[in-house]
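Below is one structure, written out as C-alpha coordinates; comments come after it.
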Amino acid sequence: MLVLGSAQVEALLEPDALIDALAAAMADLSTGRASAPDRIAAVVPARDAFLAAMPGHVPSSGALMSKLVSLFPHNAGTPLPTHQALIVVFDPKTGEPTALLDGTAITAVRTGACSALSARLLAREDATVLAILGTGVQARSHARAMCRVRPIRRIRVAGRDRARAAALADELSAELPAEVRGVAGYAEAVEGADIVAAVTNAVEPVVRRAWLAPGTHVTSVGFNPAGRELDDATVAEALVCVESRHAVLAPFPAGSNDLLMPIRDGVITAEHVHAELGELVAGSRPGRTSPEQLTLYKSVGVAVQDAAAAALVVTAAREQSIGREISLR
(Lines give C-alpha, C1' and ligand atoms only; values in the text may rest on other atoms or scores of the structure.)
Protein backbone atom coordinates (compact mmCIF):
# COMPACT_ATOMS: atom_id res chain seq x y z
CA MET A 1 0.00 0.00 0.00
CA LEU A 2 1.28 3.45 -0.97
CA VAL A 3 1.21 6.02 1.86
CA LEU A 4 1.24 9.75 1.11
CA GLY A 5 1.33 12.62 3.60
CA SER A 6 -0.20 16.07 3.29
CA ALA A 7 2.86 17.82 1.83
CA GLN A 8 3.23 15.11 -0.80
CA VAL A 9 -0.48 15.29 -1.70
CA GLU A 10 -0.34 19.06 -2.08
CA ALA A 11 2.75 18.88 -4.29
CA LEU A 12 1.27 16.19 -6.53
CA LEU A 13 -2.22 17.68 -7.02
CA GLU A 14 -1.99 19.84 -10.16
CA PRO A 15 -4.84 22.41 -10.04
CA ASP A 16 -5.75 22.66 -13.73
CA ALA A 17 -5.73 18.89 -14.18
CA LEU A 18 -7.92 18.61 -11.09
CA ILE A 19 -10.56 21.03 -12.44
CA ASP A 20 -10.73 19.00 -15.67
CA ALA A 21 -10.94 15.71 -13.75
CA LEU A 22 -13.73 17.13 -11.59
CA ALA A 23 -15.69 18.09 -14.70
CA ALA A 24 -15.55 14.48 -15.91
CA ALA A 25 -16.42 13.16 -12.44
CA MET A 26 -19.43 15.44 -12.12
CA ALA A 27 -20.64 14.33 -15.54
CA ASP A 28 -20.27 10.71 -14.42
CA LEU A 29 -22.33 11.48 -11.34
CA SER A 30 -25.15 13.20 -13.23
CA THR A 31 -25.44 10.44 -15.82
CA GLY A 32 -25.48 7.68 -13.20
CA ARG A 33 -22.12 6.19 -14.16
CA ALA A 34 -20.54 7.10 -10.84
CA SER A 35 -21.57 5.76 -7.45
CA ALA A 36 -21.57 8.10 -4.44
CA PRO A 37 -24.07 7.26 -1.70
CA ASP A 38 -25.14 9.90 0.81
CA ARG A 39 -22.63 10.85 3.47
CA ILE A 40 -23.23 9.21 6.84
CA ALA A 41 -21.88 10.41 10.17
CA ALA A 42 -21.32 9.56 13.81
CA VAL A 43 -22.02 12.68 15.86
CA VAL A 44 -19.95 13.98 18.78
CA PRO A 45 -22.45 16.27 20.56
CA ALA A 46 -20.03 17.43 23.24
CA ARG A 47 -17.94 19.09 20.51
CA ASP A 48 -20.75 20.00 18.06
CA ALA A 49 -18.83 17.68 15.74
CA PHE A 50 -19.09 14.57 13.63
CA LEU A 51 -17.08 11.92 11.80
CA ALA A 52 -18.41 11.18 8.30
CA ALA A 53 -17.82 8.41 5.77
CA MET A 54 -17.90 9.11 2.02
CA PRO A 55 -17.31 6.19 -0.40
CA GLY A 56 -17.20 6.78 -4.14
CA HIS A 57 -16.53 5.12 -7.49
CA VAL A 58 -15.73 7.21 -10.59
CA PRO A 59 -15.22 5.23 -13.81
CA SER A 60 -13.79 8.20 -15.74
CA SER A 61 -10.95 8.39 -13.19
CA GLY A 62 -10.61 4.65 -12.63
CA ALA A 63 -11.15 5.50 -8.96
CA LEU A 64 -12.63 3.57 -6.06
CA MET A 65 -12.09 5.06 -2.60
CA SER A 66 -13.59 6.02 0.71
CA LYS A 67 -12.93 9.13 2.74
CA LEU A 68 -13.26 9.48 6.49
CA VAL A 69 -13.60 13.15 7.42
CA SER A 70 -14.12 14.80 10.78
CA LEU A 71 -15.69 18.22 11.21
CA PHE A 72 -14.78 19.79 14.55
CA PRO A 73 -15.80 23.47 14.28
CA HIS A 74 -14.26 24.42 17.64
CA ASN A 75 -10.82 23.80 16.12
CA ALA A 76 -11.18 27.17 14.37
CA GLY A 77 -8.45 29.49 15.56
CA THR A 78 -6.27 26.61 16.81
CA PRO A 79 -3.37 24.83 15.09
CA LEU A 80 -5.77 22.04 14.06
CA PRO A 81 -8.04 22.48 11.01
CA THR A 82 -11.80 22.17 11.38
CA HIS A 83 -11.84 19.44 8.69
CA GLN A 84 -9.42 16.49 8.93
CA ALA A 85 -9.54 13.44 6.70
CA LEU A 86 -8.01 10.20 5.48
CA ILE A 87 -8.63 8.56 2.11
CA VAL A 88 -8.21 4.87 1.34
CA VAL A 89 -7.91 3.99 -2.36
CA PHE A 90 -8.90 0.55 -3.67
CA ASP A 91 -8.24 -1.25 -6.96
CA PRO A 92 -11.58 -1.05 -8.85
CA LYS A 93 -10.86 -4.41 -10.52
CA THR A 94 -10.05 -6.47 -7.44
CA GLY A 95 -11.11 -4.41 -4.41
CA GLU A 96 -7.57 -4.53 -3.00
CA PRO A 97 -6.60 -1.49 -0.88
CA THR A 98 -3.74 0.19 -2.72
CA ALA A 99 -3.12 3.60 -1.14
CA LEU A 100 -3.62 5.63 2.03
CA LEU A 101 -3.63 9.40 1.60
CA ASP A 102 -3.92 12.43 3.80
CA GLY A 103 -7.41 13.62 2.89
CA THR A 104 -7.31 17.01 4.59
CA ALA A 105 -5.30 18.56 1.76
CA ILE A 106 -7.47 16.88 -0.87
CA THR A 107 -10.67 18.16 0.78
CA ALA A 108 -9.31 21.70 0.81
CA VAL A 109 -8.08 21.75 -2.78
CA ARG A 110 -10.91 19.82 -4.44
CA THR A 111 -13.57 22.03 -2.84
CA GLY A 112 -12.03 25.20 -4.22
CA ALA A 113 -11.41 23.53 -7.56
CA CYS A 114 -15.05 22.49 -7.94
CA SER A 115 -16.17 26.02 -7.11
CA ALA A 116 -13.78 27.16 -9.84
CA LEU A 117 -15.40 24.64 -12.18
CA SER A 118 -18.77 26.22 -11.37
CA ALA A 119 -17.31 29.65 -12.19
CA ARG A 120 -15.91 28.33 -15.46
CA LEU A 121 -19.40 27.10 -16.32
CA LEU A 122 -21.50 29.95 -14.93
CA ALA A 123 -19.58 33.16 -14.18
CA ARG A 124 -19.31 35.89 -16.80
CA GLU A 125 -16.13 35.55 -18.83
CA ASP A 126 -15.13 39.11 -17.97
CA ALA A 127 -15.39 38.57 -14.20
CA THR A 128 -12.49 40.44 -12.58
CA VAL A 129 -13.60 41.19 -9.00
CA LEU A 130 -13.74 38.38 -6.43
CA ALA A 131 -15.16 38.56 -2.91
CA ILE A 132 -13.94 35.97 -0.41
CA LEU A 133 -16.16 35.62 2.66
CA GLY A 134 -14.19 33.75 5.29
CA THR A 135 -10.54 33.57 6.32
CA GLY A 136 -9.82 29.86 6.75
CA VAL A 137 -8.40 27.07 4.61
CA GLN A 138 -11.18 27.32 2.02
CA ALA A 139 -10.67 31.06 1.62
CA ARG A 140 -7.14 30.37 0.41
CA SER A 141 -8.23 27.46 -1.77
CA HIS A 142 -10.99 29.44 -3.45
CA ALA A 143 -8.86 32.53 -4.12
CA ARG A 144 -6.19 30.43 -5.79
CA ALA A 145 -8.63 28.34 -7.83
CA MET A 146 -10.81 31.24 -9.05
CA CYS A 147 -7.76 33.01 -10.45
CA ARG A 148 -7.18 29.98 -12.70
CA VAL A 149 -10.55 30.19 -14.48
CA ARG A 150 -11.33 33.92 -14.65
CA PRO A 151 -9.15 37.06 -15.12
CA ILE A 152 -9.40 38.12 -11.47
CA ARG A 153 -7.72 41.48 -10.88
CA ARG A 154 -9.14 42.52 -7.50
CA ILE A 155 -9.95 40.39 -4.44
CA ARG A 156 -11.72 41.61 -1.33
CA VAL A 157 -11.53 39.47 1.82
CA ALA A 158 -13.93 39.71 4.76
CA GLY A 159 -14.41 37.67 7.91
CA ARG A 160 -15.55 37.86 11.51
CA ASP A 161 -12.08 39.09 12.49
CA ARG A 162 -10.86 42.04 10.43
CA ALA A 163 -7.24 41.46 11.47
CA ARG A 164 -7.36 37.92 10.09
CA ALA A 165 -8.90 39.21 6.87
CA ALA A 166 -6.09 41.73 6.50
CA ALA A 167 -3.45 39.08 7.22
CA LEU A 168 -4.95 36.74 4.62
CA ALA A 169 -5.06 39.57 2.09
CA ASP A 170 -1.34 40.19 2.63
CA GLU A 171 -0.62 36.48 2.22
CA LEU A 172 -2.61 36.18 -1.01
CA SER A 173 -1.12 39.39 -2.42
CA ALA A 174 2.30 37.77 -2.34
CA GLU A 175 1.26 34.84 -4.53
CA LEU A 176 -1.65 35.88 -6.77
CA PRO A 177 -1.70 38.25 -9.79
CA ALA A 178 -4.36 40.46 -8.21
CA GLU A 179 -4.78 43.39 -5.87
CA VAL A 180 -5.97 41.85 -2.58
CA ARG A 181 -7.25 43.76 0.43
CA GLY A 182 -9.11 43.02 3.61
CA VAL A 183 -12.34 44.93 4.20
CA ALA A 184 -14.48 45.73 7.20
CA GLY A 185 -17.47 43.49 6.53
CA TYR A 186 -19.27 41.11 4.23
CA ALA A 187 -21.42 43.79 2.58
CA GLU A 188 -18.35 45.81 1.58
CA ALA A 189 -16.69 42.72 0.14
CA VAL A 190 -19.74 41.67 -1.88
CA GLU A 191 -20.73 45.06 -3.30
CA GLY A 192 -19.83 45.20 -6.99
CA ALA A 193 -18.13 41.78 -7.00
CA ASP A 194 -18.42 39.59 -10.10
CA ILE A 195 -17.85 36.37 -8.13
CA VAL A 196 -18.66 35.85 -4.45
CA ALA A 197 -17.17 32.83 -2.67
CA ALA A 198 -18.77 32.12 0.72
CA VAL A 199 -16.56 29.78 2.77
CA THR A 200 -17.79 30.27 6.33
CA ASN A 201 -19.25 28.41 9.28
CA ALA A 202 -21.98 31.05 9.53
CA VAL A 203 -25.27 30.64 11.35
CA GLU A 204 -26.79 33.81 9.86
CA PRO A 205 -26.48 34.57 6.13
CA VAL A 206 -23.29 36.27 5.00
CA VAL A 207 -24.63 36.68 1.44
CA ARG A 208 -27.70 38.89 1.04
CA ARG A 209 -29.49 39.62 -2.22
CA ALA A 210 -29.50 43.38 -1.61
CA TRP A 211 -25.70 43.42 -1.73
CA LEU A 212 -25.32 41.52 -5.02
CA ALA A 213 -24.75 43.29 -8.33
CA PRO A 214 -26.50 42.11 -11.51
CA GLY A 215 -24.71 39.16 -13.10
CA THR A 216 -22.88 37.98 -9.98
CA HIS A 217 -21.92 34.33 -9.63
CA VAL A 218 -22.13 33.10 -6.04
CA THR A 219 -20.46 29.97 -4.71
CA SER A 220 -21.36 28.69 -1.25
CA VAL A 221 -19.51 25.80 0.38
CA GLY A 222 -20.04 26.58 4.06
CA PHE A 223 -21.75 24.07 6.34
CA ASN A 224 -23.32 24.62 9.74
CA PRO A 225 -26.14 22.35 10.95
CA ALA A 226 -27.55 25.31 12.89
CA GLY A 227 -27.60 27.89 10.09
CA ARG A 228 -26.80 28.91 6.55
CA GLU A 229 -24.72 31.27 4.40
CA LEU A 230 -27.37 32.55 1.95
CA ASP A 231 -30.54 34.55 2.52
CA ASP A 232 -33.86 33.47 1.02
CA ALA A 233 -33.90 36.17 -1.64
CA THR A 234 -30.51 35.15 -3.05
CA VAL A 235 -31.64 31.55 -3.42
CA ALA A 236 -35.06 32.49 -4.79
CA GLU A 237 -33.75 34.87 -7.47
CA ALA A 238 -30.72 32.87 -8.60
CA LEU A 239 -30.23 30.18 -11.20
CA VAL A 240 -29.37 27.42 -8.71
CA CYS A 241 -26.85 24.70 -9.57
CA VAL A 242 -25.57 21.90 -7.33
CA GLU A 243 -23.33 18.83 -7.42
CA SER A 244 -26.22 16.43 -6.86
CA ARG A 245 -29.91 17.18 -6.37
CA HIS A 246 -30.26 14.08 -4.23
CA ALA A 247 -27.33 14.99 -1.96
CA VAL A 248 -28.11 18.68 -1.49
CA LEU A 249 -31.76 17.99 -0.58
CA ALA A 250 -31.01 15.05 1.73
CA PRO A 251 -31.25 15.44 5.51
CA PHE A 252 -28.22 15.94 7.79
CA PRO A 253 -25.37 15.17 7.38
CA ALA A 254 -25.59 15.22 3.57
CA GLY A 255 -27.83 18.14 2.61
CA SER A 256 -27.73 21.94 2.77
CA ASN A 257 -29.80 24.25 4.97
CA ASP A 258 -29.29 26.93 2.33
CA LEU A 259 -31.84 25.08 0.18
CA LEU A 260 -33.70 22.98 2.74
CA MET A 261 -34.76 25.98 4.86
CA PRO A 262 -36.32 28.00 2.00
CA ILE A 263 -38.05 24.82 0.79
CA ARG A 264 -39.39 24.21 4.31
CA ASP A 265 -40.63 27.79 4.52
CA GLY A 266 -42.33 27.71 1.11
CA VAL A 267 -39.98 30.24 -0.48
CA ILE A 268 -38.98 27.78 -3.22
CA THR A 269 -39.70 24.17 -4.15
CA ALA A 270 -37.22 21.40 -4.87
CA GLU A 271 -37.80 22.05 -8.59
CA HIS A 272 -36.08 25.42 -8.17
CA VAL A 273 -32.74 23.58 -8.44
CA HIS A 274 -31.96 24.22 -12.08
CA ALA A 275 -29.06 21.89 -12.81
CA GLU A 276 -26.25 19.73 -11.56
CA LEU A 277 -22.72 20.67 -12.57
CA GLY A 278 -22.47 17.43 -14.51
CA GLU A 279 -25.50 18.43 -16.59
CA LEU A 280 -23.83 21.74 -17.41
CA VAL A 281 -20.62 19.91 -18.35
CA ALA A 282 -22.52 17.51 -20.61
CA GLY A 283 -24.65 20.27 -22.11
CA SER A 284 -27.93 18.60 -21.16
CA ARG A 285 -28.96 21.69 -19.17
CA PRO A 286 -28.20 25.34 -20.06
CA GLY A 287 -26.15 27.62 -17.85
CA ARG A 288 -26.15 31.41 -17.76
CA THR A 289 -28.51 32.95 -20.33
CA SER A 290 -27.76 36.67 -19.87
CA PRO A 291 -25.00 38.91 -18.47
CA GLU A 292 -27.39 40.21 -15.78
CA GLN A 293 -28.46 36.79 -14.50
CA LEU A 294 -27.65 35.88 -10.89
CA THR A 295 -26.15 32.39 -10.68
CA LEU A 296 -25.52 30.25 -7.62
CA TYR A 297 -23.52 27.09 -7.00
CA LYS A 298 -24.40 25.48 -3.67
CA SER A 299 -21.92 22.78 -2.68
CA VAL A 300 -22.24 20.09 -0.04
CA GLY A 301 -19.19 18.07 -1.15
CA VAL A 302 -19.60 14.67 -2.78
CA ALA A 303 -17.29 11.67 -2.80
CA VAL A 304 -16.70 11.68 -6.57
CA GLN A 305 -14.66 14.86 -6.07
CA ASP A 306 -12.38 13.14 -3.59
CA ALA A 307 -12.13 10.08 -5.83
CA ALA A 308 -11.09 12.11 -8.88
CA ALA A 309 -8.49 14.02 -6.84
CA ALA A 310 -7.12 10.89 -5.17
CA ALA A 311 -6.72 9.16 -8.54
CA LEU A 312 -4.65 12.07 -9.87
CA VAL A 313 -2.44 12.06 -6.78
CA VAL A 314 -1.81 8.31 -6.79
CA THR A 315 -1.03 8.25 -10.52
CA ALA A 316 1.44 11.14 -10.17
CA ALA A 317 3.03 9.58 -7.08
CA ARG A 318 3.68 6.28 -8.85
CA GLU A 319 5.03 8.03 -11.95
CA GLN A 320 7.45 10.08 -9.81
CA SER A 321 8.24 7.33 -7.25
CA ILE A 322 6.97 9.48 -4.37
CA GLY A 323 5.58 8.07 -1.13
CA ARG A 324 6.24 5.06 1.09
CA GLU A 325 5.15 1.49 0.41
CA ILE A 326 3.92 -0.57 3.37
CA SER A 327 2.54 -4.09 3.66
CA LEU A 328 -0.67 -4.87 5.51
CA ARG A 329 0.03 -8.61 5.51
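Scheme for the C-alpha coordinates: letters A, B, ... for chains in order shown; per-chain residue numbers from 1; ligand numbers from 1 in order shown.
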- Message: Residues near range 134-144 of chain A, anyone? I mean within 8 Å using only C-alpha atoms, not counting same-chain ones fewer than 3 positions away, as a PyMOL selection string.
- Response: chain A and resi 81+108-109+111-113+115-116+130+147-148+155+157-160+164-165+168+172+176+197-200
- Do you know which residues are at most 8 Å from Asp28 in chain A counting only C-alpha atoms, after dropping those on the same chain fewer than 2 positions away, and could you put them as a list in words?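 Returned residues: Ala24, Ala25, Met26, Ser30, Thr31, Gly32, Arg33, Ala34, Val58, Pro59, Ser60 and Gly278 of chain A.
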- Item | Distance of CA of Ala53 in chain A from CA of Ser35 in chain A, expressed in Å to one decimal place |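 So the answer is 14.0 Å.
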- Query: Can you tell me, as a list in words, what residues are no more than 7 Å from Phe72 in chain A when counting only C-alpha atoms, ignoring any on the same chain fewer than 3 positions away?
  - Reply: Arg47, Asp48, Ala49, Phe50, Asn75, Thr82 and His83 of chain A
Would you save the residues from that selection as an mmCIF file, in the first residue's frame, using N, CA and C atoms?
data_model
loop_
_atom_site.group_PDB
_atom_site.id
_atom_site.type_symbol
_atom_site.label_atom_id
_atom_site.label_comp_id
_atom_site.auth_asym_id
_atom_site.auth_seq_id
_atom_site.Cartn_x
_atom_site.Cartn_y
_atom_site.Cartn_z
ATOM 1 N N ARG A 47 -18.803 18.185 21.273
ATOM 2 C CA ARG A 47 -17.937 19.086 20.513
ATOM 3 C C ARG A 47 -18.648 19.700 19.318
ATOM 4 N N ASP A 48 -19.980 19.522 19.230
ATOM 5 C CA ASP A 48 -20.748 20.004 18.061
ATOM 6 C C ASP A 48 -20.114 19.480 16.773
ATOM 7 N N ALA A 49 -19.676 18.220 16.804
ATOM 8 C CA ALA A 49 -18.827 17.684 15.742
ATOM 9 C C ALA A 49 -19.373 16.373 15.207
ATOM 10 N N PHE A 50 -18.739 15.897 14.133
ATOM 11 C CA PHE A 50 -19.086 14.575 13.626
ATOM 12 C C PHE A 50 -17.939 13.982 12.821
ATOM 13 N N ASN A 75 -12.248 23.724 16.443
ATOM 14 C CA ASN A 75 -10.818 23.803 16.117
ATOM 15 C C ASN A 75 -10.445 25.130 15.467
ATOM 16 N N THR A 82 -10.446 22.623 11.032
ATOM 17 C CA THR A 82 -11.799 22.165 11.380
ATOM 18 C C THR A 82 -12.140 20.858 10.676
ATOM 19 N N HIS A 83 -11.620 20.671 9.462
ATOM 20 C CA HIS A 83 -11.840 19.440 8.695
ATOM 21 C C HIS A 83 -10.531 18.649 8.639
#
- Task: Considering only C-alpha atoms, state which residue in the set A:Ser290, A:Thr234, A:Ser118, A:Gln8 is at the smallest distance from Gln320 in chain A.
- Result: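 Smallest distance to Gln320 in chain A is found for A:Gln8.
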- Selection near Lys93 in chain A, 12 Å with only C-alpha atoms, sequence-local residues under 4 positions removed, as a PyMOL selection string: chain A and resi 57+59+62-64+97-98
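Among the candidates A:Val302, A:Ala307, A:Val235, A:Ala317, the residue lying nearest to His274 in chain A is A:Val235 (atoms considered: only C-alpha atoms).
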- Enumerate, as a ChimeraX atom specification, the complete set of residues in range 56-164 of chain A that a backbone-based DSSP assignment places in helix (DSSP H, G or I). /A:59-61,73-75,103-122,137-149,162-164
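The residue that comes closest to Ser173 in chain A, out of A:Ala210, A:Cys114, A:Arg153, A:Gln305 and on the basis of only C-alpha atoms, is A:Arg153.
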- Task: Please measure the separation of CA of Glu243 in chain A and CA of Leu18 in chain A, giving the value in Å to one decimal.
- Result: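 CA of Leu18 in chain A lies at a distance of 15.8 Å from CA of Glu243 in chain A.
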Which range 27-68 of chain A residues have any atom within 9 Å of an atom of range 245-250 of chain A, and for each, what is the nearest pair of atoms with distance in Å to one decimal, counting only C-alpha atoms, rows sorted by chain and number, as JSON lines?
{"residue": "A:Pro37", "atom": "CA", "partner": "A:Ala247", "partner_atom": "CA", "distance": 8.4}
{"residue": "A:Asp38", "atom": "CA", "partner": "A:Ala247", "partner_atom": "CA", "distance": 6.2}
{"residue": "A:Arg39", "atom": "CA", "partner": "A:Ala247", "partner_atom": "CA", "distance": 8.3}
- Message: Using only C-alpha atoms, can you tell me which of A:Ala163, A:Ile106, A:Ala187, A:Val180 comes closest to Glu14 in chain A?
- Response: A:Ile106
- Polymer residues at most 10 Å from Val43 in chain A, only C-alpha atoms, same-chain spacing of 6 or more positions, as number ranges by chain: A: 49-52, 70-71, 253
- Item | A:Ile132, A:Ala7, A:Leu212, A:Leu280 ranked by distance to Gly192 in chain A, top pick (using only C-alpha atoms) |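 Residue with the minimum atom-to-atom distance to Gly192 in chain A: A:Leu212.
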- Task: Go through A:Gln293, A:Asp170, A:Leu101, A:Phe223 and flag the residue nearest Asp194 in chain A, using only C-alpha atoms for the distances.
- Result: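 For Asp194 in chain A, the nearest of the candidates is A:Gln293.
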- Nearby residues (only C-alpha atoms) at most 9 Å from Val190 in chain A, same-chain spacing under 5 positions excluded, as a ChimeraX atom specification: /A:130-133,156,185,195-196,207-208,211-213
- Task: Just give me the gap between CA of Gln84 in chain A and CA of Arg120 in chain A in Å, one decimal is fine.
- Result: 27.9 Å
- Within 12 Å of Asp258 in chain A, counting only C-alpha atoms, which residues qualify if same-chain residues fewer than 3 places away don't, as a ChimeraX atom specification? /A:198,202-207,219-236,240,242,248-249,255,261-265,267-268,273,296-300
